[in-house]
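Colleague: Provided herewith: data_19.tsv, TSV, C-alpha atoms.
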```tsv
chain	number	residue	atom	x	y	z
Y	7	MET	CA	-34.21	-23.64	11.43
Y	8	GLU	CA	-31.08	-23.59	13.46
Y	9	SER	CA	-28.87	-23.61	10.38
Y	10	GLY	CA	-31.08	-20.88	8.89
Y	11	ASN	CA	-30.45	-18.73	11.96
Y	12	ARG	CA	-26.76	-19.38	11.67
Y	13	ILE	CA	-26.77	-18.25	8.05
Y	14	GLU	CA	-28.68	-15.13	9.02
Y	15	ALA	CA	-26.22	-14.35	11.83
Y	16	ALA	CA	-23.24	-14.91	9.52
Y	17	GLY	CA	-24.78	-12.64	6.92
Y	18	SER	CA	-25.30	-9.87	9.42
Y	19	LEU	CA	-21.71	-10.23	10.66
Y	20	GLU	CA	-20.43	-9.92	7.10
Y	21	GLU	CA	-22.64	-6.90	6.48
Y	22	ARG	CA	-21.26	-5.12	9.55
Y	23	ALA	CA	-17.70	-6.06	8.58
Y	24	ARG	CA	-18.26	-4.81	5.03
Y	25	LYS	CA	-19.71	-1.53	6.30
Y	26	ASN	CA	-16.82	-0.96	8.71
Y	27	ALA	CA	-14.27	-1.94	6.08
Y	28	GLY	CA	-15.89	0.50	3.65
Y	29	GLN	CA	-15.65	3.32	6.22
Y	30	LEU	CA	-11.99	2.58	6.87
Y	31	LEU	CA	-11.27	2.44	3.16
Y	32	SER	CA	-13.01	5.79	2.64
Y	33	TYR	CA	-10.84	7.26	5.37
Y	34	LEU	CA	-7.66	5.88	3.78
Y	35	VAL	CA	-8.70	6.90	0.27
Y	36	GLU	CA	-9.34	10.43	1.51
Y	37	LEU	CA	-5.81	10.52	2.88
Y	38	TYR	CA	-4.12	8.70	0.05
Y	39	LEU	CA	-5.81	9.46	-3.25
Y	40	PRO	CA	-6.28	12.88	-4.80
Y	41	GLU	CA	-9.63	14.52	-4.16
Y	42	GLY	CA	-12.20	13.54	-6.76
Y	43	SER	CA	-11.06	9.93	-7.17
Y	44	SER	CA	-13.66	7.57	-8.55
Y	45	THR	CA	-11.47	4.47	-8.96
Y	46	ILE	CA	-8.55	2.75	-7.28
Y	47	SER	CA	-6.22	0.18	-8.79
Y	48	GLU	CA	-6.43	-3.34	-7.39
Y	49	GLY	CA	-2.73	-3.15	-6.52
Y	50	LYS	CA	-3.15	0.03	-4.50
Y	51	LEU	CA	-6.20	-1.36	-2.76
Y	52	ALA	CA	-4.27	-4.50	-1.81
Y	53	GLU	CA	-1.51	-2.30	-0.41
Y	54	LEU	CA	-3.94	-0.25	1.68
Y	55	VAL	CA	-5.72	-3.34	2.98
Y	56	SER	CA	-2.48	-5.15	3.81
Y	57	SER	CA	-1.32	-2.11	5.73
Y	58	ALA	CA	-4.66	-1.84	7.54
Y	59	PHE	CA	-4.52	-5.52	8.54
Y	60	THR	CA	-1.07	-4.98	10.04
Y	61	VAL	CA	-2.23	-1.90	11.95
Y	62	LEU	CA	-5.27	-3.80	13.24
Y	63	GLY	CA	-3.09	-6.77	14.23
Y	64	LEU	CA	-4.81	-9.09	11.75
Y	65	ASP	CA	-1.79	-10.28	9.75
Y	66	SER	CA	-1.74	-13.84	10.93
Y	67	CYS	CA	-5.51	-14.20	11.39
Y	68	THR	CA	-7.82	-16.35	9.34
Y	69	ASP	CA	-10.51	-14.77	7.19
Y	70	GLU	CA	-13.09	-15.72	9.82
Y	71	GLU	CA	-11.12	-14.00	12.57
Y	72	ARG	CA	-10.64	-10.92	10.43
Y	73	LEU	CA	-14.33	-10.82	9.69
Y	74	ALA	CA	-15.18	-10.98	13.39
Y	75	VAL	CA	-12.78	-8.14	14.24
Y	76	LEU	CA	-13.93	-5.98	11.34
Y	77	ALA	CA	-17.56	-6.43	12.36
Y	78	GLU	CA	-16.99	-5.04	15.85
Y	79	GLY	CA	-17.42	-1.37	16.72
Y	80	SER	CA	-15.56	1.39	14.93
Y	81	VAL	CA	-12.77	-0.11	12.88
Y	82	THR	CA	-11.49	3.32	11.88
Y	83	GLU	CA	-11.03	4.30	15.53
Y	84	ARG	CA	-9.23	1.05	16.22
Y	85	PHE	CA	-7.08	1.68	13.17
Y	86	GLN	CA	-6.08	5.05	14.62
Y	87	THR	CA	-5.28	3.47	17.98
Y	88	GLY	CA	-3.25	0.75	16.25
Y	89	ARG	CA	-1.38	3.38	14.27
Y	90	HIS	CA	-0.34	5.21	17.43
Y	91	MET	CA	0.80	1.94	18.98
Y	92	LEU	CA	2.90	1.15	15.92
Y	93	ASP	CA	4.34	4.65	15.97
Y	94	GLU	CA	5.36	4.11	19.57
Y	95	GLU	CA	6.78	0.72	18.67
Y	96	ALA	CA	8.80	2.34	15.86
Y	97	HIS	CA	10.24	4.81	18.40
Y	98	ARG	CA	11.08	1.97	20.80
Y	99	LEU	CA	12.82	-0.05	18.10
Y	100	ALA	CA	14.68	3.03	16.89
Y	101	GLU	CA	16.04	3.59	20.40
Y	102	GLU	CA	17.05	-0.04	20.57
Y	103	ALA	CA	18.82	0.27	17.23
Y	104	GLU	CA	20.65	3.38	18.39
Y	105	THR	CA	21.74	1.64	21.61
Y	106	LEU	CA	23.03	-1.36	19.67
Y	107	ASP	CA	24.76	0.91	17.21
Y	108	GLY	CA	26.60	2.45	20.16
Y	109	ARG	CA	27.54	-0.96	21.56
Y	110	LEU	CA	28.83	-2.19	18.20
Y	111	LYS	CA	30.35	1.06	17.04
Y	112	ARG	CA	33.91	-0.16	17.54
Y	113	LEU	CA	33.28	-3.00	15.08
Y	114	PRO	CA	33.25	-1.57	11.58
Y	115	CYS	CA	30.78	-3.34	9.34
Y	116	GLN	CA	29.09	-1.30	6.65
Y	117	SER	CA	25.91	-3.34	6.19
Y	118	LEU	CA	25.37	-3.64	9.95
Y	119	HIS	CA	25.68	0.05	10.66
Y	120	GLU	CA	23.65	1.02	7.61
Y	121	ASP	CA	20.85	-1.27	8.78
Y	122	LEU	CA	21.03	0.17	12.30
Y	123	ALA	CA	20.93	3.71	10.94
Y	124	ALA	CA	17.86	2.84	8.86
Y	125	LEU	CA	16.10	1.31	11.87
Y	126	GLY	CA	17.10	4.35	13.93
Y	127	ALA	CA	15.16	6.45	11.41
Y	128	LEU	CA	12.02	4.28	11.63
Y	129	PRO	CA	9.87	6.94	13.37
Y	130	GLN	CA	10.42	9.15	10.33
Y	131	THR	CA	10.22	6.53	7.59
Y	132	TYR	CA	7.74	3.90	8.77
Y	133	ASP	CA	4.38	4.54	7.14
Y	134	THR	CA	1.58	3.44	9.45
Y	135	TYR	CA	-1.08	4.62	7.05
Y	136	PHE	CA	-0.23	2.92	3.82
Y	137	GLN	CA	2.66	0.52	4.20
Y	138	ALA	CA	2.58	-0.63	7.81
Y	139	HIS	CA	3.02	-4.18	6.54
Y	140	MET	CA	6.46	-3.39	5.09
Y	141	LEU	CA	9.74	-2.26	6.57
Y	142	PRO	CA	10.97	0.79	4.65
Y	143	HIS	CA	14.41	-0.79	4.39
Y	144	VAL	CA	15.86	-4.08	3.18
Y	145	LEU	CA	18.00	-5.53	5.97
Y	146	ALA	CA	21.34	-6.60	4.52
Y	147	TYR	CA	23.18	-7.72	7.65
Y	148	GLU	CA	22.23	-11.13	9.04
Y	149	PRO	CA	22.80	-11.37	12.77
Y	150	TYR	CA	23.54	-14.83	14.10
Y	151	GLY	CA	20.36	-16.89	14.36
Y	152	TYR	CA	18.25	-14.49	12.32
Y	153	GLN	CA	16.14	-15.69	9.45
Y	154	ASP	CA	14.06	-13.42	7.24
Y	155	GLU	CA	10.66	-15.05	7.46
Y	156	GLY	CA	8.77	-12.25	5.76
Y	157	ARG	CA	7.28	-11.04	9.03
Y	158	PRO	CA	4.97	-8.04	8.62
Y	159	GLY	CA	6.35	-4.55	9.18
Y	160	LEU	CA	8.01	-3.88	12.50
Y	161	SER	CA	7.92	-7.56	13.53
Y	162	GLU	CA	10.81	-8.16	11.14
Y	163	ALA	CA	12.83	-5.34	12.71
Y	164	GLU	CA	12.04	-6.63	16.19
Y	165	ALA	CA	13.22	-10.15	15.35
Y	166	TRP	CA	16.37	-8.78	13.70
Y	167	LEU	CA	17.19	-6.50	16.64
Y	168	SER	CA	16.58	-9.30	19.11
Y	169	CYS	CA	19.09	-11.54	17.31
Y	170	LEU	CA	21.53	-8.67	17.01
Y	171	ALA	CA	21.26	-7.88	20.74
Y	172	GLU	CA	22.19	-11.49	21.49
Y	173	GLU	CA	25.04	-11.32	19.02
Y	174	ALA	CA	26.29	-8.07	20.58
Y	175	SER	CA	26.21	-9.64	24.06
Y	176	TRP	CA	28.05	-12.66	22.76
Y	177	LEU	CA	30.71	-10.49	21.11
Y	178	GLU	CA	31.06	-8.46	24.32
Y	179	SER	CA	31.39	-11.65	26.35
Y	180	LEU	CA	34.59	-12.44	24.48
Y	181	GLY	CA	36.14	-9.53	26.37
Y	182	ARG	CA	38.63	-8.71	23.64
Y	183	LYS	CA	39.22	-5.03	23.09
Y	184	GLU	CA	41.37	-5.79	20.09
Y	185	LEU	CA	38.56	-7.74	18.37
Y	186	PRO	CA	38.32	-5.30	15.42
Y	187	GLU	CA	42.01	-5.70	14.72
Y	188	LEU	CA	41.86	-9.47	15.12
Y	189	LEU	CA	38.90	-9.67	12.77
Y	190	HIS	CA	40.57	-7.45	10.23
Y	191	GLU	CA	43.67	-9.59	10.36
Y	192	ALA	CA	41.74	-12.86	10.07
Y	193	ALA	CA	39.23	-11.73	7.44
Y	194	PRO	CA	40.52	-8.67	5.58
Y	195	GLY	CA	37.71	-6.67	4.00
Y	196	TYR	CA	35.05	-8.07	6.32
Y	197	GLU	CA	34.06	-4.49	7.09
Y	198	GLU	CA	32.21	-4.31	3.79
Y	199	GLY	CA	30.75	-7.79	3.98
Y	200	THR	CA	27.35	-8.83	5.23
Y	201	ALA	CA	28.22	-11.94	7.25
Y	202	SER	CA	27.32	-12.05	10.91
Y	203	LEU	CA	30.20	-10.89	13.09
Y	204	ARG	CA	29.65	-13.83	15.43
Y	205	PHE	CA	29.76	-16.21	12.49
Y	206	LEU	CA	32.96	-14.54	11.39
Y	207	VAL	CA	34.55	-14.97	14.83
Y	208	GLU	CA	33.48	-18.61	15.02
Y	209	GLN	CA	34.81	-19.24	11.54
Y	210	HIS	CA	38.14	-17.47	11.80
Y	211	LEU	CA	38.83	-16.87	15.49
Y	212	ALA	CA	37.44	-19.94	17.18
Y	213	TRP	CA	40.24	-19.81	19.73
Y	214	LEU	CA	38.59	-16.70	21.21
Y	215	VAL	CA	35.38	-18.51	22.05
Y	216	PRO	CA	35.15	-19.67	25.69
Y	217	GLY	CA	35.07	-23.45	25.87
Y	218	ARG	CA	36.52	-23.70	22.39
Y	219	ARG	CA	39.85	-22.12	23.22
Y	220	GLU	CA	42.68	-24.44	22.58
Y	221	ASP	CA	44.51	-25.50	25.70
Y	222	GLY	CA	47.88	-23.90	26.11
S	30	MET	CA	-16.89	-16.84	3.57
S	31	ARG	CA	-15.27	-14.56	1.03
S	32	ASP	CA	-11.67	-13.41	1.22
S	33	ALA	CA	-11.46	-10.71	3.91
S	34	PHE	CA	-9.71	-8.47	1.37
S	35	MET	CA	-12.92	-8.43	-0.63
S	36	LEU	CA	-14.76	-6.75	2.23
S	37	PHE	CA	-12.89	-3.62	1.24
S	38	ALA	CA	-13.88	-3.81	-2.40
S	39	THR	CA	-16.80	-1.46	-2.80
S	40	PRO	CA	-19.82	-3.29	-4.14
S	41	HIS	CA	-20.92	-1.85	-7.43
S	42	LEU	CA	-23.94	0.38	-7.44
S	43	SER	CA	-27.24	-0.78	-8.83
S	44	SER	CA	-27.03	2.08	-11.32
S	45	PRO	CA	-23.83	3.38	-12.98
S	46	LEU	CA	-25.08	6.96	-12.57
S	47	SER	CA	-25.53	8.70	-9.23
S	48	GLN	CA	-28.55	10.85	-8.49
S	49	LYS	CA	-26.30	13.88	-8.80
S	50	ALA	CA	-25.10	12.77	-12.25
S	51	LEU	CA	-28.67	12.10	-13.38
S	52	ALA	CA	-29.67	15.55	-12.11
S	53	CYS	CA	-26.77	17.16	-14.05
S	54	LEU	CA	-27.91	15.44	-17.22
S	55	ASP	CA	-31.50	16.45	-16.53
S	56	GLU	CA	-30.45	20.09	-16.16
S	57	HIS	CA	-29.26	19.95	-19.74
S	58	GLY	CA	-32.35	18.16	-20.98
S	59	LEU	CA	-30.60	14.81	-21.19
S	60	SER	CA	-31.79	11.42	-20.04
S	61	LEU	CA	-31.02	7.74	-20.52
S	62	SER	CA	-33.36	4.78	-20.72
S	63	GLU	CA	-33.13	1.92	-18.23
S	64	ASP	CA	-31.71	-0.26	-21.00
S	65	ALA	CA	-29.04	2.30	-21.80
S	66	LEU	CA	-28.13	2.56	-18.10
S	67	GLY	CA	-27.87	-1.22	-17.93
S	68	ARG	CA	-25.54	-1.32	-20.93
S	69	LEU	CA	-23.40	1.47	-19.51
S	70	GLN	CA	-23.19	-0.37	-16.21
S	71	GLU	CA	-22.10	-3.54	-17.96
S	72	SER	CA	-19.54	-1.62	-19.98
S	73	GLU	CA	-18.20	0.07	-16.82
S	74	SER	CA	-17.81	-3.29	-15.07
S	75	GLU	CA	-15.88	-4.65	-18.04
S	76	LEU	CA	-13.60	-1.61	-18.14
S	77	LEU	CA	-12.93	-1.82	-14.40
S	78	SER	CA	-12.05	-5.47	-14.79
S	79	THR	CA	-9.89	-4.89	-17.89
S	80	TYR	CA	-7.88	-2.14	-16.23
S	81	GLY	CA	-7.69	-3.86	-12.83
S	82	ARG	CA	-9.45	-1.10	-10.96
S	83	LEU	CA	-12.32	-0.84	-8.50
S	84	ALA	CA	-15.00	1.83	-8.40
S	85	LEU	CA	-15.03	4.18	-5.43
S	86	GLY	CA	-18.16	5.98	-4.31
S	87	THR	CA	-20.38	6.57	-7.27
S	88	GLY	CA	-17.82	5.42	-9.83
S	89	PRO	CA	-16.22	7.03	-12.89
S	90	LEU	CA	-19.24	7.25	-15.18
S	91	SER	CA	-21.10	9.47	-12.71
S	92	LEU	CA	-18.07	11.69	-12.49
S	93	LEU	CA	-17.84	11.90	-16.28
S	94	ALA	CA	-21.54	12.65	-16.66
S	95	GLU	CA	-21.32	15.43	-14.04
S	96	LYS	CA	-18.24	17.03	-15.60
S	97	THR	CA	-19.28	16.73	-19.24
S	98	ALA	CA	-23.04	17.28	-19.01
S	99	SER	CA	-22.79	20.76	-20.52
S	100	ALA	CA	-20.78	19.40	-23.47
S	101	LEU	CA	-23.07	16.45	-24.18
S	102	SER	CA	-25.84	16.36	-26.71
S	103	ALA	CA	-28.98	14.28	-26.71
S	104	ASP	CA	-27.91	12.62	-29.94
S	105	ALA	CA	-25.88	9.52	-29.25
S	106	LEU	CA	-25.71	10.31	-25.51
S	107	GLU	CA	-25.16	6.70	-24.51
S	108	GLU	CA	-22.45	6.21	-27.15
S	109	THR	CA	-20.67	9.42	-26.14
S	110	LEU	CA	-20.69	8.50	-22.47
S	111	SER	CA	-19.40	5.07	-23.38
S	112	VAL	CA	-16.56	6.57	-25.45
S	113	LEU	CA	-15.76	9.04	-22.67
S	114	GLU	CA	-15.43	6.24	-20.16
S	115	GLU	CA	-13.17	4.19	-22.41
S	116	ARG	CA	-10.93	7.22	-22.93
S	117	PHE	CA	-11.03	7.90	-19.20
S	118	PHE	CA	-9.62	4.45	-18.38
S	119	GLU	CA	-6.96	4.74	-21.09
S	120	LEU	CA	-5.86	8.10	-19.75
S	121	ARG	CA	-5.97	6.90	-16.14
S	122	GLU	CA	-3.26	4.43	-17.13
S	123	LEU	CA	-1.17	7.09	-18.85
S	124	VAL	CA	-1.23	10.10	-16.55
S	125	PRO	CA	0.55	10.38	-13.18
S	126	PRO	CA	-1.39	9.09	-10.15
S	127	GLU	CA	-1.42	12.50	-8.50
S	128	ILE	CA	-3.78	13.70	-11.22
S	129	SER	CA	-7.25	13.00	-9.92
S	130	ASP	CA	-10.01	11.23	-11.78
S	131	ALA	CA	-11.99	14.49	-11.58
S	132	GLU	CA	-9.20	16.33	-13.41
S	133	ILE	CA	-9.17	13.69	-16.13
S	134	ALA	CA	-12.94	13.98	-16.45
S	135	GLU	CA	-12.68	17.76	-16.72
S	136	ALA	CA	-9.97	17.47	-19.36
S	137	LEU	CA	-12.15	15.04	-21.30
S	138	ALA	CA	-15.00	17.56	-21.15
S	139	GLU	CA	-12.62	20.12	-22.66
S	140	ALA	CA	-11.58	17.61	-25.31
S	141	LEU	CA	-15.21	16.94	-26.14
S	142	ARG	CA	-15.82	20.63	-26.61
S	143	HIS	CA	-12.68	20.77	-28.76
S	144	PHE	CA	-14.27	18.15	-31.01
S	145	GLU	CA	-17.49	20.17	-30.98
S	146	ASP	CA	-19.32	17.67	-28.84
S	147	ASP	CA	-18.59	14.91	-31.33
S	148	GLY	CA	-18.05	11.75	-29.30
S	149	ALA	CA	-17.20	9.77	-32.43
S	150	ALA	CA	-14.30	12.13	-33.18
S	151	LEU	CA	-13.09	11.65	-29.61
S	152	ALA	CA	-13.28	7.91	-30.08
S	153	ASP	CA	-11.16	8.09	-33.23
S	154	GLU	CA	-8.20	9.72	-31.50
S	155	ASP	CA	-5.59	7.35	-30.21
S	156	ALA	CA	-4.68	7.68	-26.54
S	157	GLY	CA	-1.29	9.27	-27.25
S	158	THR	CA	-2.79	11.99	-29.44
S	159	LEU	CA	-5.50	12.59	-26.90
S	160	LEU	CA	-2.92	12.90	-24.16
S	161	ALA	CA	-1.02	15.45	-26.28
S	162	LEU	CA	-4.24	17.37	-26.72
S	163	LEU	CA	-4.97	17.25	-23.00
S	164	SER	CA	-1.51	18.58	-22.23
S	165	ASP	CA	-2.73	21.81	-23.81
S	166	PHE	CA	-5.30	22.02	-21.03
S	167	GLY	CA	-2.84	21.54	-18.20
S	168	ASP	CA	0.89	20.92	-17.81
S	169	GLU	CA	0.29	18.20	-15.23
S	170	PHE	CA	-0.83	15.85	-18.02
S	171	CYS	CA	2.69	15.92	-19.43
S	172	GLY	CA	4.12	14.13	-16.41
S	173	GLU	CA	5.40	10.58	-16.50
S	174	ARG	CA	3.65	7.89	-14.53
```
Can you dump the structure from the file as structure tokens?

Modeller:
Amino acid sequence: MESGNRIEAAGSLEERARKNAGQLLSYLVELYLPEGSSTISEGKLAELVSSAFTVLGLDSCTDEERLAVLAEGSVTERFQTGRHMLDEEAHRLAEEAETLDGRLKRLPCQSLHEDLAALGALPQTYDTYFQAHMLPHVLAYEPYGYQDEGRPGLSEAEAWLSCLAEEASWLESLGRKELPELLHEAAPGYEEGTASLRFLVEQHLAWLVPGRREDG
Amino acid sequence: MRDAFMLFATPHLSSPLSQKALACLDEHGLSLSEDALGRLQESESELLSTYGRLALGTGPLSLLAEKTASALSADALEETLSVLEERFFELRELVPPEISDAEIAEALAEALRHFEDDGAALADEDAGTLLALLSDFGDEFCGER
């Protein structure tokens, strides 16, 4: 009896989740597909659902957790709220990217500054409707300590910027105004490379690093 | 518990034809038996699976029946609808995504009239020839996917 009740409750949860998911999908289809669409490709559906899971904060959840969230209240309204939050997050990260770009401006490095410019444009390029799970840019520069772990959407940019902020502070802590010239001298052509600037300093200019400077 | 992704996959309708589509057919004195509807539903499911697509709302067959009702004849109605749906899925693969399913259905209705309501003639055309024919009905069909 008890297990029967449990099955009934689970069924009703799934029904509510399915209904809410269907409403959200209808909303997205209305926005995404041309009017009069009677089919959607499995690939496009997967893209829409992945994006919706990111917006709803369900990326790292289990199927059971997703089901519970989808079964509660208006999923479409929560999707809209989540979208606005991600839009705000994109603005915040863009500002952070612009600040870091200013701090690192004196150090020429093509991949770094291209990545920062792309992140600075996130409010315009990040698609919270259909591709919230993806960054609209492949990050080429690899700040010290950063590892691409395939985080969803803005999480990847946040992790990257966090590592870059630490790297920028570390570079600033060296207190060497002539660092660009020293780097250029030690590693000609580094400006077009993708290696981390900190890694480059540690590799070629270890004598600049406090505690690793050679005596005398 | 099924994959949460599957919650978004619209469950297929119990009938492949919506009430609106049935009413359109009825307006033109057309009807299908339960058996015929069952076969069309099975055929639609196979086509959806073959082309890796999912039905939205009332599905493509309803759309086709609504758009082509005036060009359909009582003779071989089931076969013609079946051919129309096969051609629909072929064309869906070939034309740009910004062309809606409704536009494809309308173009197929035009093509059916071009073949004087002969579904068999429509079935004989290969997809490329049909696409060339449809391009006469609208430039958008010339686009690349």

Colleague: For a quick test of understanding: name the residues of chain Y lying within 7 Å of chain S when counting all atoms listed in the file, and present them as a PDB file with C-alpha atoms, keeping the file's coordinate frame.

Modeller:
```
ATOM      1  CA  ARG Y  24     -18.260  -4.810   5.030  1.00  0.00           C
ATOM      2  CA  ALA Y  27     -14.270  -1.940   6.080  1.00  0.00           C
ATOM      3  CA  GLY Y  28     -15.890   0.500   3.650  1.00  0.00           C
ATOM      4  CA  LEU Y  31     -11.270   2.440   3.160  1.00  0.00           C
ATOM      5  CA  PRO Y  40      -6.280  12.880  -4.800  1.00  0.00           C
ATOM      6  CA  GLU Y  41      -9.630  14.520  -4.160  1.00  0.00           C
ATOM      7  CA  GLY Y  42     -12.200  13.540  -6.760  1.00  0.00           C
ATOM      8  CA  SER Y  43     -11.060   9.930  -7.170  1.00  0.00           C
ATOM      9  CA  SER Y  44     -13.660   7.570  -8.550  1.00  0.00           C
ATOM     10  CA  THR Y  45     -11.470   4.470  -8.960  1.00  0.00           C
ATOM     11  CA  ILE Y  46      -8.550   2.750  -7.280  1.00  0.00           C
ATOM     12  CA  SER Y  47      -6.220   0.180  -8.790  1.00  0.00           C
ATOM     13  CA  GLU Y  48      -6.430  -3.340  -7.390  1.00  0.00           C
ATOM     14  CA  VAL Y  55      -5.720  -3.340   2.980  1.00  0.00           C
ATOM     15  CA  ASP Y  69     -10.510 -14.770   7.190  1.00  0.00           C
ATOM     16  CA  ARG Y  72     -10.640 -10.920  10.430  1.00  0.00           C
ATOM     17  CA  LEU Y  73     -14.330 -10.820   9.690  1.00  0.00           C
TER      18      LEU Y  73
END
```

Colleague: Using only C-alpha atoms, list the residues that have an atom at most 8 Å from (36.2, -5.6, 10.7), coordinates as in the file, as a PDB file with C-alpha atoms, in the frame of the given file.

Modeller:
```pdb
ATOM      1  CA  LEU Y 113      33.280  -3.000  15.080  1.00  0.00           C
ATOM      2  CA  PRO Y 114      33.250  -1.570  11.580  1.00  0.00           C
ATOM      3  CA  CYS Y 115      30.780  -3.340   9.340  1.00  0.00           C
ATOM      4  CA  PRO Y 186      38.320  -5.300  15.420  1.00  0.00           C
ATOM      5  CA  GLU Y 187      42.010  -5.700  14.720  1.00  0.00           C
ATOM      6  CA  LEU Y 189      38.900  -9.670  12.770  1.00  0.00           C
ATOM      7  CA  HIS Y 190      40.570  -7.450  10.230  1.00  0.00           C
ATOM      8  CA  ALA Y 193      39.230 -11.730   7.440  1.00  0.00           C
ATOM      9  CA  PRO Y 194      40.520  -8.670   5.580  1.00  0.00           C
ATOM     10  CA  GLY Y 195      37.710  -6.670   4.000  1.00  0.00           C
ATOM     11  CA  TYR Y 196      35.050  -8.070   6.320  1.00  0.00           C
ATOM     12  CA  GLU Y 197      34.060  -4.490   7.090  1.00  0.00           C
TER      13      GLU Y 197
END
```

Colleague: Rounded to one decimal, what separation in Å do you get between atom CA of Asp107 of chain Y and atom CA of Val61 of chain Y?

Modeller: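 Value for the atom CA of Asp107 of chain Y-atom CA of Val61 of chain Y distance: 27.6 Å.
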
Colleague: Between atom CA of Glu148 of chain Y and atom CA of Gly63 of chain Y, measure the distance and give it in Å to one decimal.

Modeller: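 Atom CA of Gly63 of chain Y lies 26.2 Å from atom CA of Glu148 of chain Y.
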
Colleague: Can you tell me how far atom CA of Gly217 of chain Y sits from atom CA of Arg204 of chain Y, in Å to one decimal?

Modeller: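 Distance between the two atoms: 15.2 Å.
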
Colleague: List as a ChimeraX atom specification the protein and nucleic acid residues near Leu177 of chain Y, meaning an atom at most 10 Å away when all atoms listed in the file are counted, but skip any in the same chain fewer than 3 places from it.

Modeller: /Y:110,113,171-174,180-182,185,203-204,207,215

Colleague: So that I can check the surroundings of segment 47-63 of chain S, please list as a list in words every protein, DNA and RNA residue that reaches within 7 Å of it, counting only C-alpha atoms and ignoring chain neighbours fewer than 3 positions away.

Modeller: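 Here the answer would be Leu66, Gly67, Thr87, Ser91, Ala94, Glu95, Ala98, Ser99 and Ala103 of chain S.
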
Colleague: Between Y:Pro129, Y:Pro142, Y:Gly151, Y:Gly88, which is the closest to Ala165 of chain Y once you count all atoms listed in the file?

Modeller: Y:Gly151

Colleague: Set the distance at 10 Å and use all atoms listed in the file: which residues neighbour segment 80-85 of chain Y once local chain neighbours fewer than 5 positions away are removed? I'd like the list as a PyMOL selection string.

Modeller: chain Y and resi 23+25-34+58-63+75+90-91+134-135

Colleague: Given 4 Å of margin on each side, can you work out the centre and size in Å (one decimal) of an axis-aligned box holding every listed atom of segment 29-41 of chain Y, as lines of an AutoDock Vina configuration file?

Modeller:
```
center_x = -9.9
center_y = 8.5
center_z = 1.0
size_x = 19.5
size_y = 20.1
size_z = 19.7
```

Colleague: From the options S:Val112, S:Ala138, S:Leu106, S:Ala161, which residue's atoms come nearest to Val124 of chain S, counting only C-alpha atoms?

Modeller: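 Closest to Val124 of chain S of all the choices is S:Ala161.
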